[in-house]
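Shown next: my_file24.cif, containing mmCIF, C-alpha atoms.
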```
data_protein
loop_
_atom_site.label_atom_id
_atom_site.label_comp_id
_atom_site.auth_asym_id
_atom_site.auth_seq_id
_atom_site.Cartn_x
_atom_site.Cartn_y
_atom_site.Cartn_z
CA MET A 7 -50.00 -182.48 105.10
CA PRO A 8 -51.86 -180.37 102.47
CA LYS A 9 -54.65 -178.02 103.56
CA GLU A 10 -57.25 -180.05 101.68
CA TYR A 11 -56.74 -183.78 101.55
CA GLN A 12 -58.41 -187.16 101.36
CA THR A 13 -58.64 -189.94 103.90
CA ASP A 14 -56.03 -191.96 102.00
CA GLN A 15 -53.49 -189.32 103.01
CA ILE A 16 -54.10 -189.69 106.75
CA PRO A 17 -51.37 -191.51 108.69
CA THR A 18 -52.79 -194.60 110.34
CA PRO A 19 -54.12 -195.75 112.72
CA ALA A 20 -56.44 -192.76 112.90
CA LEU A 21 -59.83 -191.90 114.35
CA LEU A 22 -62.41 -190.77 111.77
CA VAL A 23 -65.87 -189.27 112.13
CA ASP A 24 -68.34 -189.28 109.26
CA LEU A 25 -69.87 -185.79 109.43
CA ASP A 26 -73.08 -186.78 107.66
CA ALA A 27 -73.70 -189.60 110.14
CA LEU A 28 -72.73 -187.46 113.15
CA GLU A 29 -75.03 -184.61 112.14
CA ASN A 30 -77.89 -187.04 111.57
CA ASN A 31 -77.36 -188.57 115.02
CA LEU A 32 -77.23 -185.22 116.80
CA ASP A 33 -80.35 -183.90 115.09
CA LYS A 34 -82.28 -187.11 115.65
CA MET A 35 -81.63 -187.24 119.40
CA ALA A 36 -82.25 -183.52 119.91
CA SER A 37 -85.53 -183.67 117.98
CA HIS A 38 -86.67 -186.74 119.91
CA ALA A 39 -85.95 -185.05 123.25
CA ARG A 40 -87.86 -181.91 122.23
CA GLU A 41 -90.84 -183.90 120.99
CA HIS A 42 -91.06 -185.71 124.34
CA GLY A 43 -90.57 -182.62 126.49
CA LYS A 44 -87.20 -183.71 127.87
CA ALA A 45 -84.01 -181.70 128.29
CA LEU A 46 -81.02 -183.28 126.55
CA ARG A 47 -77.71 -183.21 128.41
CA PRO A 48 -75.40 -185.52 126.39
CA HIS A 49 -72.47 -187.23 128.09
CA ALA A 50 -69.23 -185.78 126.72
CA LYS A 51 -67.17 -188.66 128.11
CA ALA A 52 -68.11 -190.49 124.90
CA HIS A 53 -66.12 -188.09 122.69
CA LYS A 54 -64.07 -185.72 124.92
CA CYS A 55 -64.14 -183.31 121.98
CA PRO A 56 -65.13 -179.61 122.27
CA ALA A 57 -65.98 -179.46 118.55
CA ILE A 58 -68.60 -182.20 118.97
CA ALA A 59 -69.85 -180.61 122.20
CA ARG A 60 -70.51 -177.33 120.40
CA ARG A 61 -72.48 -179.17 117.74
CA GLN A 62 -74.58 -180.90 120.38
CA LEU A 63 -75.41 -177.56 121.97
CA ALA A 64 -76.23 -176.05 118.59
CA ALA A 65 -78.59 -178.98 117.93
CA GLY A 66 -80.51 -178.22 121.12
CA ALA A 67 -78.74 -179.72 124.15
CA VAL A 68 -79.17 -177.71 127.38
CA GLY A 69 -75.66 -178.56 128.52
CA LEU A 70 -73.30 -181.50 128.84
CA CYS A 71 -72.45 -184.27 131.27
CA VAL A 72 -68.83 -185.07 132.10
CA ALA A 73 -67.27 -187.91 134.08
CA THR A 74 -64.04 -186.31 135.31
CA ILE A 75 -62.66 -183.00 136.55
CA ASP A 76 -60.41 -182.75 133.48
CA GLU A 77 -63.48 -183.07 131.24
CA ALA A 78 -65.31 -180.41 133.27
CA GLU A 79 -62.39 -178.00 132.89
CA LEU A 80 -62.07 -178.77 129.18
CA MET A 81 -65.74 -178.20 128.41
CA THR A 82 -66.16 -175.05 130.47
CA LYS A 83 -63.04 -173.53 128.91
CA ALA A 84 -64.60 -174.38 125.54
CA GLY A 85 -67.58 -172.20 126.46
CA VAL A 86 -70.08 -174.80 127.65
CA SER A 87 -72.11 -172.91 130.23
CA SER A 88 -74.01 -175.80 131.84
CA VAL A 89 -71.94 -178.82 132.85
CA LEU A 90 -72.90 -181.69 135.16
CA LEU A 91 -70.14 -183.79 136.71
CA THR A 92 -71.89 -187.15 137.05
CA SER A 93 -69.27 -188.85 139.26
CA PRO A 94 -69.21 -188.37 143.04
CA VAL A 95 -65.92 -186.96 144.34
CA ALA A 96 -64.33 -187.56 147.75
CA ASP A 97 -61.34 -185.20 147.67
CA PRO A 98 -61.69 -181.59 148.91
CA ILE A 99 -58.77 -180.50 146.70
CA LYS A 100 -60.54 -181.79 143.61
CA MET A 101 -63.74 -180.17 144.80
CA SER A 102 -62.10 -176.74 144.74
CA ARG A 103 -61.15 -177.29 141.10
CA ILE A 104 -64.67 -178.42 140.26
CA ILE A 105 -66.23 -175.38 141.91
CA ALA A 106 -63.95 -173.13 139.85
CA THR A 107 -65.55 -174.53 136.68
CA GLY A 108 -69.07 -173.69 137.81
CA ALA A 109 -70.21 -177.27 137.18
CA MET A 110 -73.21 -178.85 138.85
CA VAL A 111 -72.11 -181.80 141.00
CA VAL A 112 -73.50 -184.99 142.52
CA VAL A 113 -73.13 -186.33 146.05
CA ASP A 114 -73.94 -189.68 147.61
CA HIS A 115 -72.83 -189.08 151.22
CA VAL A 116 -73.36 -186.39 153.85
CA GLN A 117 -69.57 -185.96 154.14
CA GLN A 118 -69.43 -184.92 150.50
CA VAL A 119 -72.11 -182.34 151.23
CA ALA A 120 -69.97 -180.95 154.05
CA TRP A 121 -66.82 -180.87 151.90
CA TYR A 122 -68.59 -179.12 149.02
CA GLU A 123 -70.21 -176.66 151.43
CA GLU A 124 -66.81 -175.68 152.85
CA ALA A 125 -65.13 -175.48 149.43
CA ALA A 126 -68.00 -173.35 148.13
CA ARG A 127 -67.78 -171.06 151.17
CA VAL A 128 -64.05 -170.55 150.63
CA ALA A 129 -64.57 -169.90 146.92
CA GLY A 130 -67.46 -167.55 147.56
CA ARG A 131 -69.63 -169.37 145.06
CA ALA A 132 -72.94 -171.21 145.14
CA VAL A 133 -72.79 -174.78 143.85
CA GLU A 134 -75.69 -176.65 142.28
CA VAL A 135 -76.04 -180.18 143.66
CA LEU A 136 -77.89 -183.37 142.77
CA VAL A 137 -78.09 -186.42 145.01
CA ASP A 138 -76.86 -189.49 143.17
CA LEU A 139 -79.07 -192.54 143.76
CA ASP A 140 -78.09 -196.21 143.71
CA ILE A 141 -80.93 -197.61 141.63
CA GLY A 142 -79.59 -201.16 141.46
CA ASP A 143 -76.08 -201.05 140.02
CA HIS A 144 -74.27 -200.65 143.38
CA ARG A 145 -71.47 -198.64 141.74
CA THR A 146 -72.14 -195.22 143.26
CA GLY A 147 -75.17 -193.56 144.74
CA ALA A 148 -77.05 -193.26 147.99
CA LEU A 149 -79.43 -196.04 148.96
CA PRO A 150 -83.02 -194.94 148.33
CA GLY A 151 -85.07 -194.17 151.41
CA THR A 152 -83.57 -193.07 154.72
CA GLN A 153 -79.98 -192.70 153.51
CA ALA A 154 -80.85 -190.69 150.42
CA LEU A 155 -83.23 -188.41 152.35
CA GLU A 156 -80.56 -187.73 154.97
CA ILE A 157 -78.21 -186.53 152.22
CA VAL A 158 -80.96 -184.57 150.46
CA LYS A 159 -81.84 -182.75 153.69
CA ALA A 160 -78.18 -181.99 154.40
CA ALA A 161 -77.76 -180.50 150.93
CA GLY A 162 -80.98 -178.54 151.36
CA ARG A 163 -79.70 -177.00 154.61
CA ALA A 164 -76.27 -176.04 153.24
CA LYS A 165 -75.98 -172.26 152.78
CA ASN A 166 -73.62 -172.39 149.80
CA LEU A 167 -75.22 -175.32 147.98
CA ARG A 168 -78.30 -175.24 145.80
CA LEU A 169 -80.14 -178.56 145.74
CA ARG A 170 -81.68 -179.21 142.30
CA GLY A 171 -82.87 -182.82 142.48
CA LEU A 172 -81.66 -186.32 141.71
CA GLN A 173 -79.42 -188.31 139.40
CA ALA A 174 -80.54 -191.87 138.63
CA TYR A 175 -78.33 -193.57 136.07
CA SER A 176 -78.62 -197.30 135.37
CA VAL A 177 -75.35 -198.81 134.12
CA ARG A 178 -77.06 -202.16 133.61
CA GLY A 179 -79.98 -200.67 131.75
CA SER A 180 -77.77 -199.29 128.99
CA HIS A 181 -76.60 -202.68 127.66
CA VAL A 182 -78.55 -205.51 129.25
CA GLY A 183 -80.41 -208.03 127.10
CA ASP A 184 -83.00 -207.13 124.48
CA ARG A 185 -85.30 -204.13 124.34
CA VAL A 186 -87.92 -205.78 126.54
CA GLU A 187 -85.38 -206.42 129.29
CA ARG A 188 -83.83 -202.94 128.99
CA THR A 189 -87.30 -201.44 129.25
CA GLN A 190 -88.01 -203.35 132.44
CA VAL A 191 -84.65 -202.45 134.01
CA SER A 192 -85.00 -198.77 133.16
CA GLN A 193 -88.60 -198.50 134.33
CA ASP A 194 -87.76 -200.25 137.60
CA ALA A 195 -84.76 -197.94 138.13
CA PHE A 196 -86.73 -194.77 137.61
CA ARG A 197 -89.59 -196.10 139.75
CA ILE A 198 -87.12 -196.20 142.64
CA ALA A 199 -86.00 -192.66 141.84
CA THR A 200 -89.60 -191.45 141.64
CA GLU A 201 -90.31 -192.75 145.14
CA THR A 202 -87.38 -190.75 146.51
CA ARG A 203 -88.47 -187.72 144.49
CA GLU A 204 -91.96 -187.90 145.99
CA ALA A 205 -90.50 -188.07 149.49
CA MET A 206 -88.43 -184.97 148.69
CA LYS A 207 -91.54 -183.14 147.47
CA ASN A 208 -93.39 -184.07 150.65
CA ALA A 209 -90.51 -182.61 152.66
CA GLY A 210 -90.68 -179.37 150.67
CA LEU A 211 -87.30 -179.94 148.98
CA PRO A 212 -86.39 -179.03 145.36
CA THR A 213 -87.01 -181.78 142.79
CA GLU A 214 -86.91 -179.97 139.45
CA ILE A 215 -84.24 -182.28 137.99
CA LEU A 216 -84.35 -186.06 137.60
CA THR A 217 -81.52 -186.87 135.23
CA GLY A 218 -80.27 -190.19 133.86
CA GLY A 219 -80.75 -192.56 130.98
CA SER A 220 -78.42 -193.77 128.27
CA THR A 221 -78.11 -194.43 124.55
CA GLY A 222 -79.30 -197.98 125.20
CA THR A 223 -82.59 -196.71 126.64
CA TRP A 224 -82.92 -193.40 124.79
CA ASP A 225 -86.43 -194.03 123.48
CA ILE A 226 -87.52 -195.84 126.65
CA ASP A 227 -86.53 -193.16 129.17
CA SER A 228 -88.14 -190.40 127.12
CA GLU A 229 -91.52 -192.05 127.77
CA ILE A 230 -91.11 -191.98 131.58
CA PRO A 231 -92.99 -188.92 132.92
CA ASP A 232 -90.78 -188.09 135.91
CA VAL A 233 -87.52 -188.05 133.91
CA THR A 234 -86.55 -184.45 133.10
CA GLU A 235 -83.12 -184.90 131.49
CA LEU A 236 -81.58 -187.51 129.19
CA GLN A 237 -77.85 -188.23 129.59
CA ALA A 238 -77.29 -190.34 126.47
CA GLY A 239 -73.80 -189.87 125.05
CA SER A 240 -72.69 -192.70 122.76
CA TYR A 241 -75.50 -191.98 120.27
CA ALA A 242 -73.31 -189.28 118.68
CA LEU A 243 -70.57 -191.69 117.57
CA MET A 244 -71.98 -195.17 118.20
CA ASP A 245 -70.03 -198.45 118.37
CA LEU A 246 -70.40 -202.20 117.94
CA ALA A 247 -71.86 -202.70 121.41
CA TYR A 248 -74.85 -200.50 120.62
CA GLN A 249 -75.04 -201.71 117.05
CA ARG A 250 -75.50 -205.23 118.40
CA LEU A 251 -78.45 -203.94 120.44
CA ARG A 252 -79.90 -202.49 117.21
CA ILE A 253 -79.95 -198.97 118.60
CA ASP A 254 -81.21 -196.81 115.75
CA PHE A 255 -78.31 -194.40 115.16
CA HIS A 256 -75.56 -194.40 112.54
CA ASN A 257 -72.00 -195.60 113.23
CA ALA A 258 -70.32 -192.23 112.78
CA MET A 259 -66.91 -193.20 114.18
CA THR A 260 -64.38 -195.57 112.64
CA VAL A 261 -60.71 -196.33 113.07
CA LEU A 262 -58.74 -196.18 109.85
CA THR A 263 -55.92 -198.72 109.43
CA THR A 264 -53.53 -199.86 106.70
CA VAL A 265 -52.74 -203.39 105.55
CA ILE A 266 -49.04 -203.63 106.38
CA SER A 267 -48.47 -207.31 105.61
CA ALA A 268 -50.28 -209.59 103.15
CA ASN A 269 -48.03 -212.63 102.80
CA HIS A 270 -50.57 -215.24 103.90
CA ASP A 271 -53.51 -216.57 101.95
CA ARG A 272 -56.00 -216.62 104.81
CA PHE A 273 -55.33 -213.30 106.58
CA VAL A 274 -53.69 -209.90 106.35
CA THR A 275 -52.12 -207.78 109.08
CA VAL A 276 -53.20 -204.20 109.80
CA ASP A 277 -51.54 -201.50 111.91
CA GLY A 278 -54.33 -201.40 114.47
CA GLY A 279 -54.02 -203.42 117.68
CA PHE A 280 -54.55 -202.94 121.40
CA LYS A 281 -53.42 -199.31 121.17
CA ALA A 282 -55.94 -198.51 118.43
CA PHE A 283 -59.19 -199.98 119.78
CA SER A 284 -61.00 -200.44 123.07
CA THR A 285 -60.40 -203.88 124.55
CA ASP A 286 -63.10 -204.00 127.24
CA ARG A 287 -65.59 -206.07 125.23
CA ALA A 288 -65.52 -209.80 124.53
CA TYR A 289 -65.15 -209.10 120.81
CA GLY A 290 -62.91 -207.05 118.58
CA PRO A 291 -63.67 -204.38 115.97
CA GLU A 292 -65.57 -205.03 112.74
CA ALA A 293 -64.22 -204.14 109.30
CA VAL A 294 -66.38 -201.86 107.17
CA GLY A 295 -67.10 -203.07 103.63
CA LEU A 296 -65.33 -206.39 104.08
CA SER A 297 -68.20 -208.80 104.58
CA GLY A 298 -67.23 -212.19 105.97
CA SER A 299 -63.98 -210.99 107.54
CA GLU A 300 -63.05 -211.45 111.18
CA TYR A 301 -60.63 -209.40 113.26
CA ARG A 302 -58.14 -211.00 115.67
CA TRP A 303 -55.89 -209.15 118.12
CA GLY A 304 -52.26 -209.29 117.03
CA GLY A 305 -50.55 -207.23 119.73
CA ASP A 306 -50.09 -203.62 120.72
CA GLU A 307 -49.63 -202.35 117.18
CA PHE A 308 -51.10 -205.17 115.08
CA GLY A 309 -54.35 -206.84 114.17
CA TYR A 310 -55.13 -209.80 111.92
CA VAL A 311 -58.02 -209.77 109.48
CA ASP A 312 -59.11 -213.29 108.56
CA VAL A 313 -60.45 -213.36 105.01
CA ASP A 314 -61.56 -216.99 104.53
CA GLY A 315 -65.15 -215.82 104.39
CA CYS A 316 -64.51 -212.90 102.04
CA ASP A 317 -64.85 -212.73 98.26
CA ARG A 318 -61.48 -210.97 98.03
CA LYS A 319 -58.27 -210.51 99.97
CA PRO A 320 -57.25 -206.93 100.83
CA ARG A 321 -54.03 -205.88 99.10
CA LEU A 322 -50.85 -204.55 100.71
CA GLY A 323 -51.22 -200.85 101.48
CA GLU A 324 -55.04 -200.92 101.33
CA ARG A 325 -56.92 -198.84 103.89
CA ILE A 326 -59.52 -200.62 106.04
CA GLU A 327 -61.94 -198.85 108.41
CA PHE A 328 -63.20 -200.57 111.54
CA ILE A 329 -66.13 -199.95 113.85
CA PRO A 330 -64.68 -200.20 117.37
CA PRO A 331 -66.28 -202.29 120.12
CA HIS A 332 -66.75 -199.34 122.52
CA CYS A 333 -66.55 -195.69 121.52
CA ASP A 334 -65.56 -194.02 124.84
CA PRO A 335 -62.30 -195.88 125.57
CA THR A 336 -61.41 -195.91 121.86
CA VAL A 337 -61.61 -192.10 121.62
CA ASN A 338 -59.49 -191.93 124.76
CA LEU A 339 -56.58 -193.51 122.83
CA TYR A 340 -56.35 -190.61 120.35
CA ASP A 341 -55.50 -186.92 120.42
CA ARG A 342 -57.45 -185.94 117.29
CA ILE A 343 -60.46 -186.79 115.18
CA TYR A 344 -60.46 -186.44 111.40
CA ALA A 345 -63.86 -185.01 110.49
CA CYS A 346 -64.73 -186.33 107.03
CA ARG A 347 -67.42 -185.88 104.43
CA GLY A 348 -67.11 -188.95 102.26
CA LYS A 349 -63.40 -189.29 101.50
CA GLN A 350 -62.75 -185.57 101.98
CA VAL A 351 -61.22 -184.42 105.28
CA GLU A 352 -63.04 -181.21 106.26
CA ASP A 353 -61.43 -180.58 109.63
CA VAL A 354 -59.24 -182.06 112.35
CA TRP A 355 -60.64 -181.79 115.88
CA PRO A 356 -58.55 -182.00 119.07
CA VAL A 357 -59.55 -184.61 121.64
CA LYS A 358 -59.04 -183.95 125.37
CA ARG A 359 -57.78 -180.42 124.66
CA LEU A 360 -58.99 -177.17 123.09
CA SER A 361 -56.49 -176.81 120.28
CA PHE A 362 -53.29 -178.14 118.80
CA GLU A 363 -50.04 -176.61 120.00
#
```
Write out the structure in this file as structure tokens.
Amino acid sequence: MPKEYQTDQIPTPALLVDLDALENNLDKMASHAREHGKALRPHAKAHKCPAIARRQLAAGAVGLCVATIDEAELMTKAGVSSVLLTSPVADPIKMSRIIATGAMVVVDHVQQVAWYEEAARVAGRAVEVLVDLDIGDHRTGALPGTQALEIVKAAGRAKNLRLRGLQAYSVRGSHVGDRVERTQVSQDAFRIATETREAMKNAGLPTEILTGGSTGTWDIDSEIPDVTELQAGSYALMDLAYQRLRIDFHNAMTVLTTVISANHDRFVTVDGGFKAFSTDRAYGPEAVGLSGSEYRWGGDEFGYVDVDGCDRKPRLGERIEFIPPHCDPTVNLYDRIYACRGKQVEDVWPVKRLSFE
């Protein structure tokens, strides 16, 4: 492929990022966090891309969140100095790998505290720890009250651990209902966290960090006084799920496909199917610039684009971009992102690795 080329020269299906939209999104979130006195720690699980991570840090992020050990290793090798692994871990072998990255970790059980303490002792390193709270989702997290305080006190006593505060992330709050409902869910969630934080203060324990929030509640959580860090991640790329909630960021990420069959009057077939888009939503991707069209799944490699409602039928060989339903699992299907300014490809960024072999 030539050194400088256009999007119509990219082999499809391919993952594209509009640089103008991405830069706007990063600047907007970073500025908002600064204006509200919050630290911004974006979740890198949304993009798994060191090039985007560096841009988030340059825009003002204090560090990054990651969901897995592999992501922690990737981001720290890329030079990210402050990483938070937001998922509890229950495997001492994995814990040794995490400690080697220098990442801050979360715990939701006293046994995890003991395992991290031993792994940190063996490694000769101090490990920063947050206690993960269950604030209503029942996915992970300690139950507020007695259980959470027991874990907090255990972490506070551990010689090789440094307790920093709490994590309070609401899965439900990120996508539930309309803005009014999301506001209520988020405020209720952080009210629970604040009660635990106050109990920690009364016990003389560290409470400098209360981290959580999401793209779906980005402008809600920033108004909550006790919140110190925002973990929003999808805002950088965006997707249909957040677009449907009218979250005010640009769709920076699309999947580029090609019309590979156009023999029927009412639909065409593109080379983007289950392997090209996330499939965890109740709806498929949405074509860009093809008003009235509807996408249907056609198999692993194929998708149908119904054109009954369109003023034209796409021609054979035409390129069609789609906004995916969910950015995180869509990115996970690719090994590179084509960074574009208009139709010009400015760079190609590795996903889930530092560079191309």
Between atom CA of A:Asn269 and atom CA of A:Gly323 - distance in Å to one decimal: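 For atom CA of A:Gly323 relative to atom CA of A:Asn269, the distance reads 12.3 Å.
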Gap from atom CA of A:Val261 to atom CA of A:Val276 - Å, one decimal: 11.4 Å
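Taking only C-alpha atoms, the non-local environment of A:Glu292 within 7 Å (same-chain residues fewer than 2 positions away omitted) comprises Gly290, Val294, Tyr301, Phe328, Ile329 and Pro330 of chain A.
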12 Å contact set for stretch 28-43 of chain A, only C-alpha atoms, chain neighbours under 5 positions out, as a PDB file with C-alpha atoms, in the coordinates of the input:
```pdb
ATOM      1  CA  LEU A  22     -62.410-190.770 111.770  1.00  0.00           C
ATOM      2  CA  VAL A  23     -65.870-189.270 112.130  1.00  0.00           C
ATOM      3  CA  PRO A  48     -75.400-185.520 126.390  1.00  0.00           C
ATOM      4  CA  HIS A  53     -66.120-188.090 122.690  1.00  0.00           C
ATOM      5  CA  ALA A  57     -65.980-179.460 118.550  1.00  0.00           C
ATOM      6  CA  ILE A  58     -68.600-182.200 118.970  1.00  0.00           C
ATOM      7  CA  ALA A  59     -69.850-180.610 122.200  1.00  0.00           C
ATOM      8  CA  ARG A  60     -70.510-177.330 120.400  1.00  0.00           C
ATOM      9  CA  ARG A  61     -72.480-179.170 117.740  1.00  0.00           C
ATOM     10  CA  GLN A  62     -74.580-180.900 120.380  1.00  0.00           C
ATOM     11  CA  LEU A  63     -75.410-177.560 121.970  1.00  0.00           C
ATOM     12  CA  ALA A  64     -76.230-176.050 118.590  1.00  0.00           C
ATOM     13  CA  ALA A  65     -78.590-178.980 117.930  1.00  0.00           C
ATOM     14  CA  GLY A  66     -80.510-178.220 121.120  1.00  0.00           C
ATOM     15  CA  ALA A  67     -78.740-179.720 124.150  1.00  0.00           C
ATOM     16  CA  VAL A  68     -79.170-177.710 127.380  1.00  0.00           C
ATOM     17  CA  GLY A  69     -75.660-178.560 128.520  1.00  0.00           C
ATOM     18  CA  GLY A 219     -80.750-192.560 130.980  1.00  0.00           C
ATOM     19  CA  SER A 220     -78.420-193.770 128.270  1.00  0.00           C
ATOM     20  CA  THR A 221     -78.110-194.430 124.550  1.00  0.00           C
ATOM     21  CA  THR A 223     -82.590-196.710 126.640  1.00  0.00           C
ATOM     22  CA  TRP A 224     -82.920-193.400 124.790  1.00  0.00           C
ATOM     23  CA  ASP A 225     -86.430-194.030 123.480  1.00  0.00           C
ATOM     24  CA  ILE A 226     -87.520-195.840 126.650  1.00  0.00           C
ATOM     25  CA  ASP A 227     -86.530-193.160 129.170  1.00  0.00           C
ATOM     26  CA  SER A 228     -88.140-190.400 127.120  1.00  0.00           C
ATOM     27  CA  GLU A 229     -91.520-192.050 127.770  1.00  0.00           C
ATOM     28  CA  ILE A 230     -91.110-191.980 131.580  1.00  0.00           C
ATOM     29  CA  PRO A 231     -92.990-188.920 132.920  1.00  0.00           C
ATOM     30  CA  ASP A 232     -90.780-188.090 135.910  1.00  0.00           C
ATOM     31  CA  VAL A 233     -87.520-188.050 133.910  1.00  0.00           C
ATOM     32  CA  THR A 234     -86.550-184.450 133.100  1.00  0.00           C
ATOM     33  CA  GLU A 235     -83.120-184.900 131.490  1.00  0.00           C
ATOM     34  CA  LEU A 236     -81.580-187.510 129.190  1.00  0.00           C
ATOM     35  CA  GLN A 237     -77.850-188.230 129.590  1.00  0.00           C
ATOM     36  CA  ALA A 238     -77.290-190.340 126.470  1.00  0.00           C
ATOM     37  CA  GLY A 239     -73.800-189.870 125.050  1.00  0.00           C
ATOM     38  CA  SER A 240     -72.690-192.700 122.760  1.00  0.00           C
ATOM     39  CA  TYR A 241     -75.500-191.980 120.270  1.00  0.00           C
ATOM     40  CA  ALA A 242     -73.310-189.280 118.680  1.00  0.00           C
ATOM     41  CA  LEU A 243     -70.570-191.690 117.570  1.00  0.00           C
ATOM     42  CA  MET A 244     -71.980-195.170 118.200  1.00  0.00           C
ATOM     43  CA  ILE A 253     -79.950-198.970 118.600  1.00  0.00           C
ATOM     44  CA  ASP A 254     -81.210-196.810 115.750  1.00  0.00           C
ATOM     45  CA  PHE A 255     -78.310-194.400 115.160  1.00  0.00           C
ATOM     46  CA  HIS A 256     -75.560-194.400 112.540  1.00  0.00           C
ATOM     47  CA  ASN A 257     -72.000-195.600 113.230  1.00  0.00           C
ATOM     48  CA  ALA A 258     -70.320-192.230 112.780  1.00  0.00           C
ATOM     49  CA  MET A 259     -66.910-193.200 114.180  1.00  0.00           C
ATOM     50  CA  THR A 260     -64.380-195.570 112.640  1.00  0.00           C
ATOM     51  CA  ALA A 345     -63.860-185.010 110.490  1.00  0.00           C
ATOM     52  CA  CYS A 346     -64.730-186.330 107.030  1.00  0.00           C
ATOM     53  CA  ARG A 347     -67.420-185.880 104.430  1.00  0.00           C
TER      54      ARG A 347
END
```
Evaluate the PyMOL selection byres ((chain A and resi 118) around 12) and report residues as a ChimeraX atom specification: /A:93-98,100-101,111-117,119-126,135-138,147-148,157-158,160-161,164,167
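Look at A:Glu204: the protein and nucleic acid residues within 12 Å of it, using all atoms listed in the file and passing over chain neighbours fewer than 6 places away, are Pro150, Gly151, Leu155, Gly171, Leu172, Arg197, Ile198, Gly210, Leu211, Pro212, Thr213, Glu214, Leu216 and Asp232 of chain A.
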